[in-house]
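Pasting model-v2.cif here (mmCIF, C-alpha atoms):
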```
data_run
loop_
_atom_site.label_atom_id
_atom_site.label_comp_id
_atom_site.auth_asym_id
_atom_site.auth_seq_id
_atom_site.Cartn_x
_atom_site.Cartn_y
_atom_site.Cartn_z
CA MET A 111 147.22 142.38 65.27
CA LYS A 112 145.88 140.27 68.11
CA MET A 113 146.48 136.54 67.82
CA THR A 114 146.02 133.90 70.48
CA LYS A 115 147.95 130.62 70.54
CA LYS A 116 147.07 127.48 72.40
CA LYS A 117 149.46 124.55 72.12
CA ILE A 118 148.34 121.06 73.13
CA GLN A 119 149.82 117.60 72.92
CA LEU A 120 147.91 114.94 71.01
CA GLU A 121 147.53 111.39 72.35
CA ASP A 122 150.32 110.12 70.13
CA GLY A 123 152.74 112.80 71.36
CA ARG A 124 152.52 115.20 68.45
CA TYR A 125 151.83 118.87 69.14
CA LEU A 126 148.96 120.93 67.76
CA VAL A 127 148.54 124.71 67.91
CA TYR A 128 145.20 126.52 67.76
CA PHE A 129 145.37 130.11 66.49
CA GLY A 130 142.62 132.54 67.35
CA PHE A 131 141.94 136.05 66.10
CA PRO A 132 139.64 137.88 68.52
CA GLU A 133 139.30 140.94 66.30
CA SER A 134 138.58 139.02 63.14
CA LYS A 135 135.18 138.29 61.72
CA LYS A 136 134.66 134.69 60.86
CA SER A 137 133.16 134.03 57.48
CA SER A 138 130.29 131.67 57.11
CA GLY A 139 131.49 131.03 53.61
CA SER A 140 128.93 133.41 52.18
CA GLN A 141 128.92 137.18 51.94
CA ASP A 142 129.18 139.01 55.23
CA THR A 143 128.26 142.56 56.07
CA ASP A 144 131.74 144.04 56.30
CA ALA A 145 132.29 143.58 52.61
CA ALA A 146 135.74 145.05 52.22
CA LYS A 147 137.29 142.79 54.82
CA THR A 148 135.31 139.64 54.39
CA CYS A 149 134.99 139.65 50.64
CA CYS A 150 135.05 136.25 49.05
CA CYS A 151 133.63 137.23 45.65
CA ARG A 152 134.94 135.27 42.74
CA SER A 153 133.83 137.71 40.07
CA LYS A 154 131.81 140.87 39.47
CA ASP A 155 128.76 138.73 38.73
CA ASP A 156 129.22 137.09 42.09
CA ASP A 157 129.54 140.45 43.83
CA LYS A 158 126.54 140.61 46.12
CA SER A 159 127.81 143.32 48.40
CA GLY A 160 129.43 145.74 46.00
CA CYS A 161 132.91 145.21 47.32
CA CYS A 162 134.58 144.19 44.08
CA GLY A 163 133.21 146.77 41.69
CA GLY A 164 130.41 144.57 40.46
CA LYS A 165 127.71 146.92 41.67
CA GLU A 166 127.97 150.66 41.54
CA MET B 212 161.89 103.74 57.71
CA SER B 213 162.97 107.34 57.42
CA GLU B 214 166.41 108.66 56.58
CA LEU B 215 168.38 110.95 54.28
CA ARG B 216 170.36 109.27 51.52
CA TRP B 217 173.06 111.19 49.69
CA HIS B 218 172.79 111.35 45.90
CA PRO B 219 176.49 111.52 44.95
CA ILE B 220 175.80 112.38 41.31
CA LEU B 221 173.48 115.31 41.91
CA GLN B 222 175.07 116.10 45.27
CA GLU B 223 171.80 116.39 47.10
CA TRP B 224 169.92 114.62 49.87
CA VAL B 225 167.02 112.31 49.02
CA ILE B 226 164.42 111.91 51.77
CA THR B 227 163.22 108.35 52.21
CA ALA B 228 160.03 108.04 54.26
CA THR B 229 158.45 104.66 53.61
CA HIS B 230 155.68 105.13 56.21
CA ARG B 231 154.16 107.81 53.94
CA GLN B 232 153.00 105.07 51.58
CA ASN B 233 150.23 104.37 54.09
CA ARG B 234 149.03 107.95 54.55
CA THR B 235 145.37 108.85 54.34
CA PHE B 236 144.34 109.13 50.69
CA LEU B 237 141.32 111.17 49.61
CA PRO B 238 139.00 110.03 52.41
CA PRO B 239 135.22 110.60 52.16
CA ASP B 240 134.08 114.00 53.45
CA ASP B 241 132.68 112.48 56.66
CA TYR B 242 136.13 111.18 57.53
CA CYS B 243 138.21 114.23 56.72
CA PRO B 244 141.03 114.35 59.30
CA LEU B 245 141.31 118.17 59.07
CA CYS B 246 137.70 118.91 59.99
CA PRO B 247 136.81 119.72 63.61
CA THR B 248 135.77 116.77 65.76
CA LYS B 249 132.02 116.93 66.22
CA PRO B 250 130.22 115.26 69.17
CA ASP B 251 129.59 111.54 68.61
CA ALA B 252 131.29 111.69 65.24
CA PHE B 253 134.51 110.36 63.79
CA PRO B 254 137.45 111.74 65.82
CA THR B 255 139.58 113.78 63.44
CA GLU B 256 143.16 114.98 63.89
CA ILE B 257 141.78 118.13 65.53
CA PRO B 258 140.12 117.44 68.91
CA SER B 259 137.95 120.54 68.97
CA GLU B 260 134.46 121.35 67.76
CA ASP B 261 135.64 124.44 65.91
CA TYR B 262 138.77 126.41 65.12
CA GLU B 263 140.03 129.32 63.04
CA ILE B 264 143.49 128.19 61.94
CA VAL B 265 145.36 125.20 63.30
CA THR B 266 148.82 123.76 62.77
CA PHE B 267 150.04 120.39 63.90
CA GLU B 268 152.82 117.90 63.33
CA ASN B 269 152.19 115.79 60.27
CA LYS B 270 151.12 112.25 61.13
CA PHE B 271 153.08 110.96 58.15
CA PRO B 272 156.14 113.21 58.18
CA SER B 273 159.11 113.30 55.86
CA PHE B 274 161.20 114.65 58.77
CA ARG B 275 160.87 113.92 62.49
CA HIS B 276 162.28 115.27 65.72
CA PRO B 277 163.88 113.36 67.22
CA ALA B 278 164.59 111.37 64.09
CA PRO B 279 165.22 107.63 64.18
CA GLU B 280 168.65 106.38 63.29
CA PRO B 281 168.97 105.39 59.61
CA ALA B 282 167.91 101.81 58.92
CA VAL B 283 170.90 101.25 56.64
CA GLU B 284 174.58 101.79 57.24
CA GLY B 285 176.18 104.42 55.06
CA THR B 286 179.50 104.28 53.23
CA GLU B 287 181.86 107.01 52.16
CA LEU B 288 180.11 107.19 48.78
CA TYR B 289 176.59 106.47 49.99
CA LYS B 290 176.22 108.74 53.00
CA VAL B 291 173.15 108.47 55.21
CA ARG B 292 171.92 110.65 58.07
CA PRO B 293 168.79 110.89 60.20
CA ALA B 294 165.86 112.75 58.64
CA GLU B 295 165.91 115.25 61.47
CA GLY B 296 163.40 118.04 61.00
CA ILE B 297 159.77 119.02 61.48
CA CYS B 298 156.76 118.71 59.18
CA GLU B 299 153.62 120.65 60.01
CA VAL B 300 150.18 120.76 58.43
CA VAL B 301 148.38 124.12 58.39
CA SER B 302 144.61 123.86 58.15
CA TYR B 303 143.46 127.23 56.83
CA THR B 304 139.87 126.98 58.04
CA SER B 305 137.45 124.64 59.75
CA ARG B 306 135.27 124.73 56.61
CA HIS B 307 135.79 121.56 54.62
CA ASP B 308 134.52 122.83 51.29
CA GLY B 309 136.30 125.41 49.22
CA THR B 310 139.91 126.42 48.86
CA LEU B 311 142.28 129.15 49.98
CA THR B 312 140.64 131.31 47.30
CA ASP B 313 137.38 131.15 49.23
CA CYS B 314 138.96 132.45 52.43
CA THR B 315 138.14 136.07 53.14
CA LEU B 316 140.77 138.79 53.18
CA ASP B 317 140.57 138.78 56.96
CA GLU B 318 141.25 135.06 57.03
CA MET B 319 144.14 135.42 54.61
CA ARG B 320 145.61 138.19 56.74
CA ASN B 321 145.31 135.85 59.73
CA LEU B 322 147.04 133.12 57.78
CA VAL B 323 149.95 135.46 57.01
CA GLU B 324 150.28 135.97 60.77
CA VAL B 325 150.29 132.22 61.37
CA TRP B 326 152.88 131.62 58.65
CA THR B 327 155.07 134.30 60.25
CA ASP B 328 154.68 132.70 63.66
CA ARG B 329 155.57 129.24 62.37
CA PHE B 330 158.54 130.56 60.39
CA GLN B 331 159.86 132.31 63.48
CA GLU B 332 159.36 129.36 65.81
CA LEU B 333 160.67 126.65 63.50
CA SER B 334 163.65 128.69 62.33
CA SER B 335 164.73 129.18 65.95
CA ARG B 336 165.46 125.45 66.32
CA ASP B 337 169.19 124.82 66.02
CA PHE B 338 168.80 121.73 63.81
CA ILE B 339 166.72 123.58 61.22
CA ASP B 340 168.52 125.21 58.28
CA TYR B 341 165.54 126.02 56.09
CA VAL B 342 161.78 126.53 56.54
CA LEU B 343 159.62 125.92 53.47
CA ILE B 344 155.99 127.02 53.55
CA PHE B 345 153.99 125.57 50.67
CA GLU B 346 150.65 124.34 49.41
CA ASN B 347 149.81 121.61 46.95
CA LYS B 348 146.33 122.26 45.65
CA GLY B 349 144.16 119.98 43.56
CA LYS B 350 143.99 116.35 42.61
CA ASP B 351 146.18 116.98 39.57
CA ILE B 352 149.00 118.00 41.89
CA GLY B 353 148.52 114.86 43.96
CA VAL B 354 146.86 116.12 47.11
CA THR B 355 145.70 113.40 49.47
CA LEU B 356 143.21 115.59 51.38
CA TYR B 357 140.69 118.01 49.88
CA HIS B 358 140.25 120.17 53.01
CA PRO B 359 141.95 123.55 52.37
CA HIS B 360 145.40 123.26 53.90
CA GLY B 361 149.07 123.86 53.37
CA GLN B 362 152.27 122.43 54.77
CA ILE B 363 155.51 123.54 56.34
CA TYR B 364 158.72 121.55 56.04
CA ALA B 365 161.52 122.54 58.41
CA PHE B 366 164.62 121.10 56.72
CA PRO B 367 167.92 120.08 58.30
CA PHE B 368 169.62 121.33 55.12
CA ILE B 369 169.14 124.00 52.48
CA PRO B 370 167.16 122.41 49.59
CA PRO B 371 168.85 122.27 46.16
CA LYS B 372 166.66 124.84 44.40
CA ILE B 373 167.23 127.37 47.16
CA GLN B 374 170.97 126.68 47.00
CA THR B 375 170.94 127.43 43.28
CA GLU B 376 169.03 130.68 43.87
CA LEU B 377 171.48 131.68 46.62
CA LYS B 378 174.45 130.98 44.35
CA SER B 379 172.94 133.03 41.51
CA ALA B 380 172.09 135.88 43.87
CA SER B 381 175.55 135.84 45.41
CA GLU B 382 177.29 135.89 42.02
CA HIS B 383 175.05 138.71 40.79
CA LYS B 384 175.75 140.73 43.93
CA GLN B 385 179.49 140.24 43.53
CA LYS B 386 179.37 141.23 39.88
CA THR B 387 176.99 144.20 40.07
CA GLY B 388 176.70 145.12 43.73
CA ARG B 389 172.93 144.76 43.41
CA CYS B 390 170.25 142.27 44.41
CA LEU B 391 169.39 139.85 41.61
CA PHE B 392 165.72 139.81 42.54
CA CYS B 393 165.46 143.61 42.77
CA ASP B 394 166.98 143.77 39.27
CA ILE B 395 164.43 141.22 38.01
CA ILE B 396 161.59 143.33 39.41
CA GLU B 397 163.07 146.44 37.78
CA GLU B 398 163.47 144.66 34.44
CA GLU B 399 159.85 143.44 34.59
CA TYR B 400 158.58 146.96 35.34
CA LYS B 401 160.57 148.38 32.42
CA ASP B 402 158.82 145.94 30.09
CA LYS B 403 155.44 145.94 31.91
CA ARG B 404 153.90 143.22 29.71
CA ARG B 405 154.38 140.43 32.23
CA ILE B 406 153.10 142.25 35.32
CA VAL B 407 149.85 140.63 36.49
CA ALA B 408 148.99 142.64 39.59
CA GLU B 409 150.56 144.85 42.20
CA ASN B 410 149.91 146.79 45.35
CA ASP B 411 152.06 149.06 47.52
CA SER B 412 154.22 146.24 48.81
CA PHE B 413 154.14 143.39 46.29
CA ALA B 414 154.32 142.75 42.56
CA ALA B 415 152.94 139.65 40.84
CA MET B 416 154.19 138.64 37.42
CA VAL B 417 154.62 135.80 34.96
CA PRO B 418 158.39 136.23 34.77
CA PHE B 419 160.36 136.37 31.52
CA PHE B 420 161.89 133.01 32.41
CA ALA B 421 158.62 131.22 33.37
CA ARG B 422 158.88 127.45 33.09
CA TYR B 423 155.14 126.77 33.44
CA PRO B 424 152.56 128.61 31.25
CA TYR B 425 150.74 130.26 34.15
CA GLU B 426 153.66 130.48 36.55
CA VAL B 427 153.40 133.54 38.79
CA TYR B 428 156.05 135.01 41.08
CA ILE B 429 155.07 137.43 43.82
CA PHE B 430 158.02 139.57 44.94
CA SER B 431 158.15 141.92 47.91
CA LYS B 432 158.94 145.38 46.55
CA LYS B 433 161.23 146.07 49.47
CA HIS B 434 164.41 144.07 49.72
CA HIS B 435 163.28 141.67 52.46
CA GLN B 436 164.68 138.24 53.12
CA SER B 437 161.76 136.80 55.06
CA MET B 438 158.30 137.47 56.44
CA LEU B 439 159.85 138.44 59.76
CA GLN B 440 160.72 141.83 58.23
CA PHE B 441 157.17 142.66 57.12
CA ASP B 442 155.32 145.47 58.88
CA GLU B 443 151.55 145.44 59.38
CA ALA B 444 150.82 147.13 56.05
CA GLU B 445 153.00 144.66 54.16
CA LYS B 446 151.28 141.71 55.81
CA ALA B 447 147.89 143.11 54.76
CA ASP B 448 149.22 143.72 51.25
CA LEU B 449 150.51 140.15 51.04
CA ALA B 450 147.05 138.84 51.91
CA ASN B 451 145.58 141.15 49.28
CA ILE B 452 147.85 140.16 46.42
CA LEU B 453 147.48 136.46 47.24
CA LYS B 454 143.72 136.86 47.07
CA VAL B 455 143.97 138.69 43.74
CA VAL B 456 146.23 136.07 42.14
CA LEU B 457 144.12 133.18 43.43
CA LEU B 458 140.91 134.76 42.15
CA LYS B 459 142.47 135.36 38.77
CA TYR B 460 143.59 131.75 38.57
CA ASP B 461 140.09 130.44 39.32
CA ASN B 462 138.23 133.00 37.22
CA MET B 463 140.39 132.52 34.13
CA TRP B 464 138.50 129.38 33.09
CA GLY B 465 135.89 129.17 35.84
CA ILE B 466 137.59 126.17 37.43
CA SER B 467 139.45 125.77 40.68
CA LEU B 468 142.96 125.85 39.23
CA PRO B 469 145.42 123.40 40.80
CA TYR B 470 148.82 124.73 41.75
CA MET B 471 151.92 124.38 43.84
CA MET B 472 152.47 127.50 45.93
CA VAL B 473 155.96 127.78 47.42
CA MET B 474 157.30 130.51 49.67
CA HIS B 475 161.01 131.21 49.25
CA GLN B 476 162.70 132.86 52.21
CA ALA B 477 166.28 133.09 53.42
CA PRO B 478 167.80 130.04 55.13
CA THR B 479 167.69 129.90 58.90
CA ASP B 480 171.11 128.43 59.60
CA GLY B 481 172.41 131.59 61.23
CA LEU B 482 174.46 132.87 58.29
CA ASP B 483 173.99 136.19 56.49
CA TYR B 484 171.75 136.07 53.43
CA ASP B 485 171.31 139.76 52.74
CA HIS B 486 171.62 139.05 49.01
CA TYR B 487 168.43 136.94 49.06
CA HIS B 488 164.92 138.27 48.43
CA PHE B 489 161.49 137.06 49.64
CA HIS B 490 159.18 135.73 46.98
CA ILE B 491 156.32 133.31 46.43
CA GLU B 492 156.18 131.04 43.41
CA PHE B 493 153.01 129.57 41.93
CA HIS B 494 153.39 126.61 39.60
CA PRO B 495 150.02 125.57 38.14
CA PRO B 496 150.28 122.40 36.03
CA ASN B 497 147.69 123.46 33.45
CA ARG B 498 148.77 124.63 30.02
CA THR B 499 145.12 124.92 28.92
CA GLN B 500 141.83 124.47 30.73
CA THR B 501 141.87 120.75 30.00
CA LYS B 502 145.50 119.92 29.32
CA LEU B 503 148.32 119.54 31.81
CA LYS B 504 151.99 120.29 31.44
CA TYR B 505 153.84 117.12 32.40
CA LEU B 506 157.38 117.03 33.66
CA ALA B 507 158.46 114.46 31.10
CA GLY B 508 161.75 113.27 29.66
CA CYS B 509 163.36 116.62 29.01
CA GLU B 510 162.28 118.16 32.32
CA THR B 511 162.72 115.17 34.61
CA GLY B 512 165.52 113.52 32.68
CA ALA B 513 167.61 116.54 31.81
CA GLY B 514 166.34 119.29 34.09
CA SER B 515 165.46 121.52 31.12
CA TYR B 516 161.95 122.90 30.96
CA ILE B 517 160.02 123.35 27.75
CA ASN B 518 157.33 126.00 27.98
CA ASP B 519 154.84 125.76 25.11
CA THR B 520 153.71 129.34 25.68
CA VAL B 521 155.23 132.77 26.12
CA ALA B 522 155.01 134.66 29.37
CA GLU B 523 153.79 137.91 27.75
CA GLU B 524 150.61 136.25 26.44
CA LYS B 525 149.85 134.31 29.60
CA ALA B 526 150.36 137.40 31.78
CA ALA B 527 147.85 139.27 29.60
CA GLU B 528 145.29 136.49 30.12
CA LEU B 529 145.77 136.66 33.86
CA ARG B 530 145.55 140.46 33.87
CA GLN B 531 142.22 140.26 32.09
CA ALA B 532 140.80 137.63 34.44
CA GLU B 533 138.72 139.08 37.26
CA PRO B 534 139.48 140.98 39.34
CA SER B 535 140.71 142.61 36.14
CA THR B 536 143.84 144.70 36.38
CA VAL B 537 145.77 146.93 34.05
CA GLU B 538 149.40 147.80 34.17
CA ASN B 539 150.52 149.85 37.11
CA THR B 540 147.16 150.08 38.79
CA PHE B 541 146.52 149.14 42.33
CA ILE B 542 144.00 146.45 42.99
CA LYS B 543 141.64 146.99 45.83
CA LEU B 544 139.42 144.26 47.17
#
```
What is this file in structure tokens?
Amino acid sequence: MKMTKKKIQLEDGRYLVYFGFPESKKSSGSQDTDAAKTCCCRSKDDDKSGCCGGKE
Amino acid sequence: MSELRWHPILQEWVITATHRQNRTFLPPDDYCPLCPTKPDAFPTEIPSEDYEIVTFENKFPSFRHPAPEPAVEGTELYKVRPAEGICEVVSYTSRHDGTLTDCTLDEMRNLVEVWTDRFQELSSRDFIDYVLIFENKGKDIGVTLYHPHGQIYAFPFIPPKIQTELKSASEHKQKTGRCLFCDIIEEEYKDKRRIVAENDSFAAMVPFFARYPYEVYIFSKKHHQSMLQFDEAEKADLANILKVVLLKYDNMWGISLPYMMVMHQAPTDGLDYDHYHFHIEFHPPNRTQTKLKYLAGCETGAGSYINDTVAEEKAAELRQAEPSTVENTFIKL
């Protein structure tokens, strides 16, 4: 899978690495359209997009 | 002050890190150091307005590189050495609210990639003998930051629990010619009652020997020693089974269950550990929805755990929790 890495040095000398995933959809924390990949259901009752068997 | 002090009775290193007493402790949401730095707002540890996953050196580390010389002089009995190593924080997401459970499968798959990258990079350092990826979740475990995150400790020695596992695995291999962990998986599948979930590449179970009521071990089905051996399908399957176990934990009682999640991989000191086997351990402190299992006199004082429950019953509860699973079925999310 594609992953980008960007390493920087913080003001106090510590390093920090940003990881990016160009092919990945970022969740807004709610249900997204690509249900199977972005599922964050907690239960069948919570299943708004039919990805966890909550809706037939 | 930061150094390693030898415990001559238990024959293990104790990490002293007095600066950690002053680390940030449950700050208000507006001052979360793991959130992105927004314009004209409090500058956090992460100098960017957004990110997907970020790792950085811990501001209050137990190990440092280069490490300062010990503040005390050792003796033959009381050995000391520099606390040479690396401690990283892994912020799973820029979203402050929620937990790893709330991350999507895509995000979990990305996290597996980041863990693999960090394991590879840290293990390549010649002063690192062991890389421990872990997460402490929840106030009951003692987290000091609520933002969803984990940690990585790159040790200059092999920690005691791993040494014990290596010794057991080595003795079992010598005696039987087989992998101890592969035999455990086989034994669990023969019985079936303690299996919680599985997919093509991983099996999750409350093992026969569980020390915590809701303790779960996730084993790779193939005899791998570390994440570096996983192919793409196995990485996706690891994300999947983590998501399943985490959902089950939270759905069991409808609370965000605290836990310690610890990834056990082979040491990185250059020796051969073919007898070892990748696994992840979950140690939730709860014995009921409202009661915690404390490591009290018998556990802390004698090293013997008392489990007030039996693994077969607790595994059944976890199997029934959503996403519900039955024995030997594959879970698809």
Applying the PyMOL selection byres ((chain B) within 7 of (chain A)) to the file I just gave you, which residues come out? Please list them as JSON, numbers by chain. {"B": [262, 263, 264, 265, 266, 267, 268, 313, 314, 315, 316, 317, 458, 462, 533, 534, 544]}
Take the selection from the previous step and output its residues with C-alpha atoms, as a PDB file, in the frame of the given file.
```
ATOM      1  CA  TYR B 262     138.770 126.410  65.120  1.00  0.00           C
ATOM      2  CA  GLU B 263     140.030 129.320  63.040  1.00  0.00           C
ATOM      3  CA  ILE B 264     143.490 128.190  61.940  1.00  0.00           C
ATOM      4  CA  VAL B 265     145.360 125.200  63.300  1.00  0.00           C
ATOM      5  CA  THR B 266     148.820 123.760  62.770  1.00  0.00           C
ATOM      6  CA  PHE B 267     150.040 120.390  63.900  1.00  0.00           C
ATOM      7  CA  GLU B 268     152.820 117.900  63.330  1.00  0.00           C
ATOM      8  CA  ASP B 313     137.380 131.150  49.230  1.00  0.00           C
ATOM      9  CA  CYS B 314     138.960 132.450  52.430  1.00  0.00           C
ATOM     10  CA  THR B 315     138.140 136.070  53.140  1.00  0.00           C
ATOM     11  CA  LEU B 316     140.770 138.790  53.180  1.00  0.00           C
ATOM     12  CA  ASP B 317     140.570 138.780  56.960  1.00  0.00           C
ATOM     13  CA  LEU B 458     140.910 134.760  42.150  1.00  0.00           C
ATOM     14  CA  ASN B 462     138.230 133.000  37.220  1.00  0.00           C
ATOM     15  CA  GLU B 533     138.720 139.080  37.260  1.00  0.00           C
ATOM     16  CA  PRO B 534     139.480 140.980  39.340  1.00  0.00           C
ATOM     17  CA  LEU B 544     139.420 144.260  47.170  1.00  0.00           C
TER      18      LEU B 544
END
```
Name every residue that the PyMOL selection byres ((chain B and resi 216) around 8) selects in this structure, writing the answer as a VMD selection string with chains first and numbers rising. chain B and resid 214 to 215 217 to 218 224 to 227 289 to 292
Counting all atoms listed in the file, which residue out of B:Arg530, B:His383, B:His276, B:Arg422 sits closest to B:Pro293? B:His276
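Using only C-alpha atoms, the contacts of B:Ile352 at a cut-off of 9 Å, with sequence neighbours closer than 3 positions omitted, comprise Asn347, Lys348, Gly349, Pro469, Tyr470, Met471, Pro495 and Pro496 of chain B.
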Output the selection as a CSV table (one decimal), keeping the file's coordinate frame - C-alpha atoms for each residue.
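Written file, again-v9.csv:
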```
chain,number,residue,atom,x,y,z
B,347,ASN,CA,149.8,121.6,47.0
B,348,LYS,CA,146.3,122.3,45.6
B,349,GLY,CA,144.2,120.0,43.6
B,469,PRO,CA,145.4,123.4,40.8
B,470,TYR,CA,148.8,124.7,41.8
B,471,MET,CA,151.9,124.4,43.8
B,495,PRO,CA,150.0,125.6,38.1
B,496,PRO,CA,150.3,122.4,36.0
```
I would like the residues chosen by the PyMOL selection byres ((chain B and resi 361) around 6) on the shown file; could you give them as a ChimeraX atom specification? /B:301,345-346,360,362
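A straight line drawn from atom CA of B:Met474 to atom CA of B:Gly309 is 21.6 Å long.
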Mind working out the centre and edge lengths of an axis-aligned box for stretch 373-388 of chain B, all listed atoms inside, 5 Å added to each side, rounded to one decimal in Å and written as JSON?
```
{"center_x": 173.4, "center_y": 135.9, "center_z": 43.5, "size_x": 22.3, "size_y": 28.4, "size_z": 17.3}
```
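Counting from atom CA of B:Met319, the distance to atom CA of B:Leu449 is 8.7 Å.
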All residues 9 Å or closer to stretch 366-374 of chain B, only C-alpha atoms, same chain fewer than 5 positions away omitted, as a PyMOL selection string: chain B and resi 222-224+274+294-298+338-343+379+475-480
Export of prior selection with C-alpha atoms as a short mmCIF file (atom, residue, chain, number, x, y, z; two decimals), keeping the file's coordinate frame:
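Output saved as selection-v8.cif:
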```
data_model
loop_
_atom_site.label_atom_id
_atom_site.label_comp_id
_atom_site.auth_asym_id
_atom_site.auth_seq_id
_atom_site.Cartn_x
_atom_site.Cartn_y
_atom_site.Cartn_z
CA GLN B 222 175.07 116.10 45.27
CA GLU B 223 171.80 116.39 47.10
CA TRP B 224 169.92 114.62 49.87
CA PHE B 274 161.20 114.65 58.77
CA ALA B 294 165.86 112.75 58.64
CA GLU B 295 165.91 115.25 61.47
CA GLY B 296 163.40 118.04 61.00
CA ILE B 297 159.77 119.02 61.48
CA CYS B 298 156.76 118.71 59.18
CA PHE B 338 168.80 121.73 63.81
CA ILE B 339 166.72 123.58 61.22
CA ASP B 340 168.52 125.21 58.28
CA TYR B 341 165.54 126.02 56.09
CA VAL B 342 161.78 126.53 56.54
CA LEU B 343 159.62 125.92 53.47
CA SER B 379 172.94 133.03 41.51
CA HIS B 475 161.01 131.21 49.25
CA GLN B 476 162.70 132.86 52.21
CA ALA B 477 166.28 133.09 53.42
CA PRO B 478 167.80 130.04 55.13
CA THR B 479 167.69 129.90 58.90
CA ASP B 480 171.11 128.43 59.60
#
```
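With all atoms listed in the file as the basis for measurement, B:Ala414 is the residue among B:Ala414, B:Val407, B:Ile466, B:Ala365 that approaches B:Cys393 most closely.
Put simply, atom CA of B:Pro277 is 19.3 Å away from atom CA of B:Phe330.
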Residues at most 12 Å from B:Tyr400, counting only C-alpha atoms, excluding those fewer than 3 positions away in the same chain, as number ranges by chain? B: 393-397, 403-409, 414-419, 432, 538-539
